[in-house]
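File shown: start-v1.txt. Contents: compact mmCIF, C-alpha atoms.
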# COMPACT_ATOMS: atom_id res chain seq x y z
CA MET A 194 0.00 0.00 0.00
CA PRO A 195 2.22 2.83 -1.28
CA GLY A 196 -0.39 5.46 -0.36
CA ALA A 197 -0.63 4.32 3.24
CA THR A 198 3.17 4.18 3.49
CA SER A 199 3.51 7.73 2.11
CA LYS A 200 0.93 9.03 4.58
CA PHE A 201 2.68 7.33 7.50
CA LEU A 202 6.12 8.62 6.50
CA THR A 203 4.73 12.13 5.95
CA LEU A 204 3.16 12.11 9.41
CA LEU A 205 6.40 10.80 10.90
CA LEU A 206 8.35 13.63 9.23
CA ALA A 207 5.78 16.14 10.46
CA TRP A 208 5.98 14.84 14.03
CA ALA A 209 9.78 15.04 14.02
CA ALA A 210 9.65 18.60 12.67
CA ALA A 211 7.12 19.61 15.33
CA GLU A 212 9.31 18.19 18.10
CA ILE A 213 12.39 19.99 16.75
CA CYS A 214 10.52 23.31 16.45
CA GLY A 215 9.20 22.87 19.97
CA ARG A 216 12.70 22.33 21.35
CA LEU A 217 13.90 25.41 19.45
CA HIS A 218 11.03 27.44 20.95
CA ILE A 219 9.65 28.34 17.53
CA PRO A 220 6.12 29.77 17.84
CA VAL A 221 3.20 27.48 16.98
CA PRO A 222 5.57 24.50 16.54
CA TRP A 223 2.89 21.88 15.95
CA MET A 224 1.63 23.70 12.86
CA LEU A 225 4.72 25.49 11.53
CA GLY A 226 7.06 22.51 11.89
CA PRO A 227 4.90 20.12 9.86
CA LEU A 228 4.07 22.85 7.34
CA LEU A 229 7.71 23.69 6.64
CA ALA A 230 8.93 20.09 6.64
CA THR A 231 6.26 18.78 4.29
CA ALA A 232 6.46 21.82 2.00
CA LEU A 233 10.22 21.44 1.58
CA ALA A 234 9.94 17.67 1.14
CA THR A 235 7.17 18.07 -1.44
CA LEU A 236 9.11 20.70 -3.38
CA ALA A 237 12.09 18.32 -3.37
CA GLY A 238 9.96 15.72 -5.12
CA MET A 239 9.51 13.37 -2.18
CA PRO A 240 6.26 11.34 -2.20
CA THR A 241 4.50 13.21 0.60
CA CYS A 242 0.81 12.59 1.09
CA SER A 243 -2.03 14.10 3.11
CA SER A 244 -5.30 12.46 4.05
CA LEU A 245 -8.51 14.44 3.54
CA ARG A 246 -10.14 12.59 6.42
CA LEU A 247 -7.28 13.37 8.76
CA ARG A 248 -7.34 17.05 7.72
CA ASN A 249 -11.07 17.19 8.38
CA GLY A 250 -10.43 15.53 11.72
CA GLY A 251 -7.86 18.19 12.55
CA GLN A 252 -10.29 20.96 11.66
CA TRP A 253 -12.98 19.29 13.78
CA VAL A 254 -10.75 19.16 16.85
CA MET A 255 -9.59 22.77 16.43
CA GLY A 256 -13.13 24.02 15.86
CA ALA A 257 -14.28 22.37 19.08
CA SER A 258 -11.23 23.59 21.00
CA LEU A 259 -11.53 27.20 19.88
CA GLY A 260 -15.29 27.36 20.39
CA LEU A 261 -14.89 26.59 24.09
CA TYR A 262 -13.31 30.02 24.60
CA PHE A 263 -16.65 31.75 23.98
CA THR A 264 -17.82 32.08 27.56
CA PRO A 265 -20.83 34.30 28.40
CA THR A 266 -18.46 37.16 29.28
CA ILE A 267 -16.72 36.87 25.93
CA VAL A 268 -19.97 36.69 23.97
CA THR A 269 -21.16 39.87 25.66
CA GLN A 270 -17.93 41.64 24.75
CA LEU A 271 -18.18 40.50 21.13
CA VAL A 272 -21.78 41.69 20.86
CA ASN A 273 -20.63 45.12 22.00
CA LEU A 274 -17.99 45.07 19.24
CA TRP A 275 -20.47 44.32 16.42
CA TRP A 276 -19.67 47.56 14.63
CA ALA A 277 -15.94 46.84 14.66
CA VAL A 278 -16.57 43.41 13.13
CA LEU A 279 -18.58 45.01 10.30
CA VAL A 280 -15.86 47.60 9.70
CA ALA A 281 -13.25 44.83 9.54
CA VAL A 282 -15.36 42.93 7.00
CA GLY A 283 -15.73 46.01 4.80
CA TRP A 284 -12.00 46.64 5.01
CA SER A 285 -11.19 43.09 3.97
CA LEU A 286 -13.50 43.21 0.96
CA ALA A 287 -12.11 46.55 -0.21
CA LEU A 288 -8.51 45.50 0.34
CA GLY A 289 -9.04 42.25 -1.57
CA MET A 290 -10.49 44.12 -4.54
CA ALA A 291 -7.62 46.62 -4.51
CA TYR A 292 -5.06 43.81 -4.29
CA GLY A 293 -6.73 41.98 -7.19
CA HIS A 294 -6.76 45.13 -9.31
CA TRP A 295 -3.08 45.71 -8.62
CA LEU A 296 -2.30 42.11 -9.46
CA TYR A 297 -4.13 42.44 -12.77
CA ARG A 298 -2.42 45.71 -13.70
CA SER A 299 0.98 44.24 -12.84
CA CYS A 300 0.56 41.13 -14.98
CA VAL A 301 -1.70 42.16 -17.88
CA GLY A 302 -0.03 41.37 -21.20
CA ARG A 303 2.94 39.73 -19.45
CA LEU A 304 1.71 36.19 -18.88
CA ARG A 305 2.14 34.00 -21.92
CA GLY A 306 -1.00 32.07 -22.80
CA VAL A 307 -3.27 33.96 -20.39
CA PRO A 308 -5.71 36.20 -22.27
CA ASP A 309 -7.14 39.34 -20.71
CA ASP A 310 -10.63 37.90 -20.26
CA ALA A 311 -9.14 35.08 -18.15
CA LEU A 312 -6.63 37.25 -16.27
CA ARG A 313 -9.24 39.67 -14.92
CA PRO A 314 -11.28 37.13 -12.94
CA SER A 315 -8.09 35.27 -12.03
CA ALA A 316 -6.60 38.38 -10.44
CA TYR A 317 -9.87 39.34 -8.76
CA PHE A 318 -10.45 36.01 -7.03
CA ALA A 319 -6.73 35.59 -6.32
CA GLY A 320 -6.83 38.88 -4.43
CA ALA A 321 -9.96 38.06 -2.43
CA ILE A 322 -9.11 37.35 1.21
CA GLY A 323 -11.06 34.13 1.55
CA ALA A 324 -10.79 30.36 1.60
CA ALA A 325 -8.61 29.00 -1.19
CA SER A 326 -10.85 26.15 -2.32
CA GLU A 327 -14.00 28.29 -2.39
CA MET A 328 -12.27 31.15 -4.23
CA THR A 329 -10.90 28.71 -6.81
CA LEU A 330 -14.37 27.26 -7.39
CA LEU A 331 -15.95 30.70 -7.81
CA ALA A 332 -13.14 31.76 -10.13
CA ASP A 333 -13.74 28.72 -12.33
CA ARG A 334 -17.37 29.75 -12.78
CA GLU A 335 -16.21 33.14 -14.08
CA GLY A 336 -13.77 31.72 -16.64
CA ALA A 337 -10.59 32.31 -14.65
CA ARG A 338 -7.37 30.29 -14.70
CA THR A 339 -7.95 28.17 -11.62
CA ASP A 340 -4.30 27.12 -11.43
CA LEU A 341 -3.29 30.75 -10.98
CA VAL A 342 -5.95 31.37 -8.35
CA ALA A 343 -5.12 28.22 -6.37
CA ALA A 344 -1.38 28.93 -6.54
CA SER A 345 -1.83 32.51 -5.35
CA HIS A 346 -3.91 31.50 -2.33
CA SER A 347 -1.48 28.72 -1.41
CA LEU A 348 1.50 31.09 -1.58
CA ARG A 349 -0.32 33.82 0.34
CA MET A 350 -1.30 31.33 3.01
CA LEU A 351 2.27 30.08 3.34
CA ILE A 352 3.67 33.58 3.69
CA VAL A 353 1.05 34.71 6.20
CA VAL A 354 1.24 31.55 8.31
CA LEU A 355 5.03 31.87 8.49
CA VAL A 356 5.15 35.62 9.09
CA MET A 357 2.34 36.17 11.61
CA PRO A 358 3.46 33.84 14.47
CA PHE A 359 6.98 35.32 14.49
CA SER A 360 5.61 38.85 14.15
CA MET A 361 3.19 38.32 17.04
CA LEU A 362 5.92 36.81 19.18
CA LEU A 363 8.04 39.91 18.57
CA ALA A 364 5.00 42.08 19.28
CA LYS A 365 4.47 40.35 22.62
CA SER A 366 8.08 41.13 23.54
CA TRP A 367 7.83 44.69 22.23
CA TRP A 368 4.62 45.48 24.11
CA GLY A 369 5.66 43.47 27.16
CA LEU A 370 2.59 41.27 27.03
CA GLU A 371 2.01 38.78 29.78
CA VAL A 372 -1.71 37.96 29.53
CA VAL A 373 -3.67 38.99 26.45
CA ASP A 374 -6.17 36.16 26.25
CA ILE A 375 -9.37 37.25 27.87
CA VAL A 376 -10.79 34.20 29.60
CA PRO A 377 -9.52 30.63 29.18
CA PRO A 378 -12.01 27.86 28.47
CA ALA A 379 -14.30 27.33 31.45
CA SER A 380 -15.37 23.82 30.48
CA ALA A 381 -15.43 20.83 32.78
CA PRO A 382 -12.14 18.96 33.06
CA PHE A 383 -11.56 16.30 30.44
CA THR A 384 -12.99 12.87 31.14
CA VAL A 385 -13.62 9.99 28.78
CA VAL A 386 -17.39 10.33 29.16
CA GLY A 387 -17.37 14.13 28.85
CA GLY A 388 -15.02 13.96 25.87
CA ALA A 389 -17.30 11.45 24.18
CA TRP A 390 -20.30 13.73 24.58
CA LEU A 391 -18.33 16.71 23.28
CA ALA A 392 -17.18 14.67 20.30
CA LEU A 393 -20.74 13.53 19.58
CA PHE A 394 -22.18 17.05 19.70
CA THR A 395 -19.44 18.62 17.59
CA VAL A 396 -19.41 15.86 14.98
CA ALA A 397 -23.15 16.35 14.62
CA GLY A 398 -22.51 20.05 13.97
CA GLY A 399 -20.00 19.22 11.26
CA LEU A 400 -22.37 16.73 9.61
CA VAL A 401 -25.22 19.25 9.55
CA LEU A 402 -23.11 21.92 7.84
CA LYS A 403 -21.75 19.34 5.39
CA LEU A 404 -25.28 18.24 4.46
CA LEU A 405 -26.19 21.90 3.95
CA GLY A 406 -23.24 22.28 1.57
CA LEU A 407 -21.64 25.08 3.59
CA PRO A 408 -17.89 25.81 3.34
CA ASN A 409 -15.41 24.48 5.91
CA PRO A 410 -18.10 22.36 7.62
CA TRP A 411 -15.65 20.39 9.76
CA PHE A 412 -14.30 23.58 11.31
CA LEU A 413 -17.37 25.82 11.42
CA GLY A 414 -19.82 23.12 12.53
CA PRO A 415 -17.88 22.03 15.63
CA LEU A 416 -16.95 25.66 16.30
CA LEU A 417 -20.58 26.80 16.37
CA VAL A 418 -21.66 23.87 18.56
CA ALA A 419 -18.78 24.45 20.99
CA ILE A 420 -19.63 28.17 21.12
CA GLY A 421 -23.20 27.27 22.08
CA LEU A 422 -22.01 24.90 24.79
CA ALA A 423 -19.49 27.37 26.20
CA ALA A 424 -21.89 30.33 26.10
CA SER A 425 -24.52 28.31 27.95
CA GLU A 426 -21.90 26.95 30.34
CA THR A 427 -22.84 23.35 29.50
CA ALA A 428 -19.63 22.17 27.80
CA PRO A 429 -19.03 18.60 29.05
CA ALA A 430 -15.23 18.63 28.71
CA THR A 431 -12.18 20.45 27.41
CA VAL A 432 -10.04 19.31 24.48
CA PRO A 433 -6.77 17.70 25.67
CA THR A 434 -3.54 19.44 24.67
CA LEU A 435 -2.24 16.30 22.98
CA LEU A 436 -5.30 16.14 20.75
CA SER A 437 -5.04 19.86 19.94
CA ASN A 438 -1.36 19.49 19.01
CA THR A 439 -2.15 16.51 16.78
CA ALA A 440 -4.85 18.52 15.03
CA GLN A 441 -2.40 21.35 14.36
CA LEU A 442 0.06 18.83 12.92
CA LEU A 443 -2.57 17.44 10.52
CA ILE A 444 -3.52 20.93 9.37
CA GLY A 445 0.13 21.85 8.85
CA VAL A 446 0.65 18.75 6.72
CA SER A 447 -2.43 19.51 4.60
CA LEU A 448 -0.97 22.95 3.83
CA GLY A 449 2.56 21.75 3.14
CA VAL A 450 1.70 19.07 0.57
CA ARG A 451 0.20 21.68 -1.77
CA PHE A 452 3.67 22.80 -2.85
CA SER A 453 4.50 20.29 -5.56
CA PRO A 454 7.53 20.78 -7.85
CA GLN A 455 5.09 21.95 -10.54
CA PHE A 456 4.02 24.77 -8.22
CA LEU A 457 7.26 26.69 -8.88
CA HIS A 458 6.64 26.49 -12.63
CA THR A 459 3.20 28.09 -12.37
CA ALA A 460 3.80 31.47 -14.02
CA PRO A 461 6.87 32.67 -12.04
CA ARG A 462 6.04 36.33 -12.76
CA TRP A 463 2.57 35.79 -11.33
CA LEU A 464 3.92 34.15 -8.17
CA ALA A 465 6.49 36.89 -7.70
CA HIS A 466 3.79 39.56 -7.81
CA VAL A 467 1.58 37.50 -5.49
CA ALA A 468 4.43 37.30 -2.96
CA LEU A 469 5.14 41.03 -3.20
CA GLY A 470 1.47 41.88 -2.96
CA THR A 471 1.02 39.61 0.05
CA VAL A 472 3.71 41.50 1.94
CA GLY A 473 1.90 44.74 1.15
CA VAL A 474 -1.45 43.29 2.25
CA ILE A 475 0.06 42.08 5.54
CA ALA A 476 1.44 45.56 6.20
CA ALA A 477 -1.90 47.19 5.32
CA CYS A 478 -3.81 44.80 7.58
CA ALA A 479 -1.38 45.44 10.43
CA THR A 480 -1.92 49.17 10.07
CA PHE A 481 -5.67 48.68 10.04
CA GLY A 482 -5.42 46.39 13.06
CA VAL A 483 -3.60 49.06 15.06
CA ALA A 484 -6.27 51.62 14.12
CA LEU A 485 -9.03 49.16 15.08
CA ALA A 486 -7.33 48.52 18.41
CA TRP A 487 -7.18 52.26 19.09
CA ALA A 488 -10.89 52.64 18.29
CA THR A 489 -12.10 49.62 20.27
CA GLY A 490 -9.69 49.27 23.18
CA LEU A 491 -8.59 45.83 22.02
CA HIS A 492 -4.94 44.98 22.34
CA PRO A 493 -3.08 45.75 19.07
CA ALA A 494 -1.71 42.20 18.82
CA THR A 495 -5.22 40.74 19.02
CA ALA A 496 -6.65 43.18 16.47
CA ILE A 497 -3.76 42.65 14.06
CA LEU A 498 -4.12 38.87 14.17
CA GLY A 499 -7.89 39.12 13.81
CA THR A 500 -7.58 41.15 10.62
CA ALA A 501 -4.56 39.30 9.20
CA PRO A 502 -5.04 38.01 5.62
CA GLY A 503 -4.48 34.40 6.59
CA GLY A 504 -6.73 31.38 6.90
CA MET A 505 -9.40 31.37 9.56
CA THR A 506 -8.21 28.12 11.11
CA GLU A 507 -4.52 29.01 10.98
CA MET A 508 -4.90 32.46 12.51
CA SER A 509 -7.13 31.10 15.26
CA ILE A 510 -4.55 28.42 16.03
CA THR A 511 -1.88 31.13 16.21
CA ALA A 512 -4.02 33.11 18.64
CA LYS A 513 -4.52 30.01 20.80
CA ALA A 514 -0.84 29.09 20.83
CA LEU A 515 0.33 32.61 21.68
CA GLN A 516 -2.63 33.49 23.94
CA LEU A 517 -3.71 36.47 21.89
CA GLY A 518 -7.43 36.86 22.44
CA VAL A 519 -8.71 33.66 20.82
CA PRO A 520 -12.44 34.58 20.79
CA VAL A 521 -11.91 38.00 19.21
CA VAL A 522 -9.51 36.67 16.57
CA THR A 523 -11.80 33.75 15.76
CA ALA A 524 -14.91 35.95 15.58
CA LEU A 525 -13.22 38.43 13.22
CA GLN A 526 -11.82 35.69 10.99
CA VAL A 527 -15.05 33.66 10.82
CA THR A 528 -17.23 36.69 10.11
CA ARG A 529 -14.89 37.83 7.35
CA LEU A 530 -14.87 34.39 5.74
CA VAL A 531 -18.67 34.18 5.68
CA ALA A 532 -19.01 37.72 4.33
CA VAL A 533 -16.42 37.18 1.60
CA LEU A 534 -18.02 33.92 0.50
CA ILE A 535 -21.43 35.60 0.24
CA LEU A 536 -20.41 38.91 -1.31
CA VAL A 537 -17.29 38.36 -3.42
CA ARG A 538 -18.98 36.87 -6.50
CA PRO A 539 -21.92 39.35 -6.63
CA ALA A 540 -19.42 42.18 -6.24
CA TYR A 541 -17.39 40.81 -9.14
CA ARG A 542 -20.48 40.47 -11.36
CA LEU A 543 -21.50 44.05 -10.60
CA TRP A 544 -18.01 45.29 -11.35
CA ALA A 545 -17.80 43.27 -14.58
CA THR A 546 -21.22 44.56 -15.72
CA TRP A 547 -20.28 48.14 -14.92
CA ARG A 548 -16.99 47.81 -16.76
CA ARG A 549 -18.60 46.18 -19.80
CA ASP A 550 -21.32 48.84 -20.02
CA GLY A 551 -18.80 51.59 -19.44
CA VAL A 552 -16.38 50.33 -22.09
CA HIS A 553 -18.95 49.61 -24.77
CA SER A 554 -21.38 52.48 -24.20
CA PRO A 555 -21.28 55.15 -26.94
CA GLN A 556 -19.32 58.26 -26.17
CA PRO A 557 -21.30 61.52 -26.20

Would you mind writing the structure in this file as structure tokens?
Amino acid sequence: MPGATSKFLTLLLAWAAAEICGRLHIPVPWMLGPLLATALATLAGMPTCSSLRLRNGGQWVMGASLGLYFTPTIVTQLVNLWWAVLVAVGWSLALGMAYGHWLYRSCVGRLRGVPDDALRPSAYFAGAIGAASEMTLLADREGARTDLVAASHSLRMLIVVLVMPFSMLLAKSWWGLEVVDIVPPASAPFTVVGGAWLALFTVAGGLVLKLLGLPNPWFLGPLLVAIGLAASETAPATVPTLLSNTAQLLIGVSLGVRFSPQFLHTAPRWLAHVALGTVGVIAACATFGVALAWATGLHPATAILGTAPGGMTEMSITAKALQLGVPVVTALQVTRLVAVLILVRPAYRLWATWRRDGVHSPQP
């Protein structure tokens, strides 16, 4: 069974990398170690392999773990910050459109074999700050080059996931942070019976969202169920640290195996501009995060991580590992994801219609 062997060896490599990163005191070692090790091994042509079921299992565990932070006190605070969440969503949508426009202007006429009518939607959906798989699917429906869109989101995710933990660790030292997280999970201690009930409830949440065809069901479903349990103070158990670390490892592996040798040959000019643009987007989001912190009273590190252009799961894991306001970061990231998924395609269709009418309308 070559596939089973590849999966086992990949997991073994990921575990070794996580242990090494932990001993070196690298931030978020159980996600960054596996991500880096599997990405480098995959780029080197080694037969790495990731299991979709294991990745879904990792998302399930992290969704349940993060949702338990939403105690009644935290929920009340988040309700009072509703306006800040909406402002952050609007910022993300506008920034994604601006990034996509810049990406188009930088590459138009310079990518061999990519016509203008395919580059426009490719750049637009590549710039959107949303889930990679969903953005690639939407881009395909608009006639985009899905390989360019998928490659751009993978590269952006890699850069953000590598940059943000180290940046936040430096920020904690700079600001002298000791305790930023608001309230740790107030669930009952872990027991086999309590853990079984928690698993049953959260799996049911994932299954419901999957049946409804919603995105990221194995993260959002358990997250929403765990939030309900924590907010009502009925959570039967916590998630053990060992299980949380394993989930981070599985998610790191699922990110790392995307970087096949063919990835580097996907329009090098395009990837170079994506990398440059990602750095600019990170800087812009950090600036916005500081402004949001000033307006809301949140700590700057929490606001910056909550508005960072990374994946919802990955940024929430970073917040958990570094104790940087998990509920606020998770709420900002989840709300942005939902808003982007709902609004990004209608916004593109409106823009495309306006442009078409504007270009082809007769001049007075």

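Take the candidates A:Gly323, A:Gly196, A:Gly490, A:Pro410 and check each one against A:Ala532 using all atoms listed in the file; the shortest distance goes to A:Gly323.
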
Any idea what's packed within 12 Å of A:Phe359, counting only C-alpha atoms, ignoring anything in its chain fewer than 6 positions away? Could you give it as a list in words?
->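 Near neighbours after the sequence-gap exclusion: His218, Ile219, Pro220, Val221, Pro222, Leu225, Ile352, Val353, Lys365, Ser366, Ala494, Leu498, Thr511, Ala512, Ala514 and Leu515 of chain A.
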
With a distance cut-off of 12 Å and only C-alpha atoms, select the neighbouring residues of A:Ala524, excluding the residue or stretch itself and same-chain residues fewer than 5 positions from it, and output the selection as a PyMOL selection string.
-> chain A and resi 259-260+262-263+267-268+270-272+274-275+277-279+281-282+413+416-417+420+495-496+498-500+505-506+508-509+512+518-519+529-531

How many Å separate atom CA of A:Ala234 from atom CA of A:Arg462?
-> 23.6 Å

Using all atoms listed in the file, which residue out of A:Pro308, A:Gly470, A:Pro358, A:Gly251 lies closest to A:Gln516?
->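 Closest candidate: A:Pro358.
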
Complete the atoms of stretch 302-319 of chain A to N, CA, C and O atoms and put them out as a PDB file, keeping the file's coordinate frame.
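Final output, part_25.pdb:
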ATOM      1  N   GLY A 302      -0.885  41.386 -20.021  1.00  0.00           N
ATOM      2  CA  GLY A 302      -0.030  41.370 -21.200  1.00  0.00           C
ATOM      3  C   GLY A 302       1.336  40.764 -20.978  1.00  0.00           C
ATOM      4  O   GLY A 302       2.168  40.757 -21.895  1.00  0.00           O
ATOM      5  N   ARG A 303       1.600  40.249 -19.777  1.00  0.00           N
ATOM      6  CA  ARG A 303       2.940  39.730 -19.450  1.00  0.00           C
ATOM      7  C   ARG A 303       2.948  38.245 -19.117  1.00  0.00           C
ATOM      8  O   ARG A 303       4.014  37.706 -18.837  1.00  0.00           O
ATOM      9  N   LEU A 304       1.783  37.615 -19.150  1.00  0.00           N
ATOM     10  CA  LEU A 304       1.710  36.190 -18.880  1.00  0.00           C
ATOM     11  C   LEU A 304       1.382  35.456 -20.173  1.00  0.00           C
ATOM     12  O   LEU A 304       0.286  35.607 -20.719  1.00  0.00           O
ATOM     13  N   ARG A 305       2.317  34.695 -20.652  1.00  0.00           N
ATOM     14  CA  ARG A 305       2.140  34.000 -21.920  1.00  0.00           C
ATOM     15  C   ARG A 305       0.989  32.976 -21.795  1.00  0.00           C
ATOM     16  O   ARG A 305       0.933  32.182 -20.856  1.00  0.00           O
ATOM     17  N   GLY A 306       0.088  33.037 -22.749  1.00  0.00           N
ATOM     18  CA  GLY A 306      -1.000  32.070 -22.800  1.00  0.00           C
ATOM     19  C   GLY A 306      -2.167  32.398 -21.890  1.00  0.00           C
ATOM     20  O   GLY A 306      -3.088  31.582 -21.757  1.00  0.00           O
ATOM     21  N   VAL A 307      -2.153  33.569 -21.265  1.00  0.00           N
ATOM     22  CA  VAL A 307      -3.270  33.960 -20.390  1.00  0.00           C
ATOM     23  C   VAL A 307      -3.922  35.201 -20.984  1.00  0.00           C
ATOM     24  O   VAL A 307      -3.409  36.315 -20.836  1.00  0.00           O
ATOM     25  N   PRO A 308      -5.058  35.047 -21.666  1.00  0.00           N
ATOM     26  CA  PRO A 308      -5.710  36.200 -22.270  1.00  0.00           C
ATOM     27  C   PRO A 308      -6.318  37.120 -21.216  1.00  0.00           C
ATOM     28  O   PRO A 308      -6.514  36.737 -20.058  1.00  0.00           O
ATOM     29  N   ASP A 309      -6.631  38.332 -21.638  1.00  0.00           N
ATOM     30  CA  ASP A 309      -7.140  39.340 -20.710  1.00  0.00           C
ATOM     31  C   ASP A 309      -8.439  38.905 -20.053  1.00  0.00           C
ATOM     32  O   ASP A 309      -8.645  39.147 -18.855  1.00  0.00           O
ATOM     33  N   ASP A 310      -9.344  38.264 -20.834  1.00  0.00           N
ATOM     34  CA  ASP A 310     -10.630  37.900 -20.260  1.00  0.00           C
ATOM     35  C   ASP A 310     -10.518  36.783 -19.221  1.00  0.00           C
ATOM     36  O   ASP A 310     -11.449  36.557 -18.449  1.00  0.00           O
ATOM     37  N   ALA A 311      -9.379  36.076 -19.194  1.00  0.00           N
ATOM     38  CA  ALA A 311      -9.140  35.080 -18.150  1.00  0.00           C
ATOM     39  C   ALA A 311      -8.328  35.676 -17.003  1.00  0.00           C
ATOM     40  O   ALA A 311      -8.471  35.263 -15.845  1.00  0.00           O
ATOM     41  N   LEU A 312      -7.469  36.660 -17.304  1.00  0.00           N
ATOM     42  CA  LEU A 312      -6.630  37.250 -16.270  1.00  0.00           C
ATOM     43  C   LEU A 312      -7.439  38.097 -15.296  1.00  0.00           C
ATOM     44  O   LEU A 312      -7.166  38.095 -14.095  1.00  0.00           O
ATOM     45  N   ARG A 313      -8.447  38.804 -15.798  1.00  0.00           N
ATOM     46  CA  ARG A 313      -9.240  39.670 -14.920  1.00  0.00           C
ATOM     47  C   ARG A 313      -9.894  38.901 -13.772  1.00  0.00           C
ATOM     48  O   ARG A 313      -9.700  39.234 -12.600  1.00  0.00           O
ATOM     49  N   PRO A 314     -10.693  37.876 -14.067  1.00  0.00           N
ATOM     50  CA  PRO A 314     -11.280  37.130 -12.940  1.00  0.00           C
ATOM     51  C   PRO A 314     -10.237  36.386 -12.122  1.00  0.00           C
ATOM     52  O   PRO A 314     -10.396  36.217 -10.911  1.00  0.00           O
ATOM     53  N   SER A 315      -9.160  35.960 -12.766  1.00  0.00           N
ATOM     54  CA  SER A 315      -8.090  35.270 -12.030  1.00  0.00           C
ATOM     55  C   SER A 315      -7.500  36.202 -10.974  1.00  0.00           C
ATOM     56  O   SER A 315      -7.320  35.813  -9.807  1.00  0.00           O
ATOM     57  N   ALA A 316      -7.186  37.423 -11.375  1.00  0.00           N
ATOM     58  CA  ALA A 316      -6.600  38.380 -10.440  1.00  0.00           C
ATOM     59  C   ALA A 316      -7.596  38.771  -9.355  1.00  0.00           C
ATOM     60  O   ALA A 316      -7.231  38.904  -8.175  1.00  0.00           O
ATOM     61  N   TYR A 317      -8.853  38.930  -9.735  1.00  0.00           N
ATOM     62  CA  TYR A 317      -9.870  39.340  -8.760  1.00  0.00           C
ATOM     63  C   TYR A 317     -10.025  38.306  -7.661  1.00  0.00           C
ATOM     64  O   TYR A 317      -9.966  38.632  -6.471  1.00  0.00           O
ATOM     65  N   PHE A 318     -10.227  37.049  -8.038  1.00  0.00           N
ATOM     66  CA  PHE A 318     -10.450  36.010  -7.030  1.00  0.00           C
ATOM     67  C   PHE A 318      -9.148  35.601  -6.341  1.00  0.00           C
ATOM     68  O   PHE A 318      -9.186  35.075  -5.229  1.00  0.00           O
ATOM     69  N   ALA A 319      -8.006  35.820  -6.995  1.00  0.00           N
ATOM     70  CA  ALA A 319      -6.730  35.590  -6.320  1.00  0.00           C
ATOM     71  C   ALA A 319      -6.505  36.617  -5.220  1.00  0.00           C
ATOM     72  O   ALA A 319      -5.892  36.319  -4.192  1.00  0.00           O
TER      73      ALA A 319
END
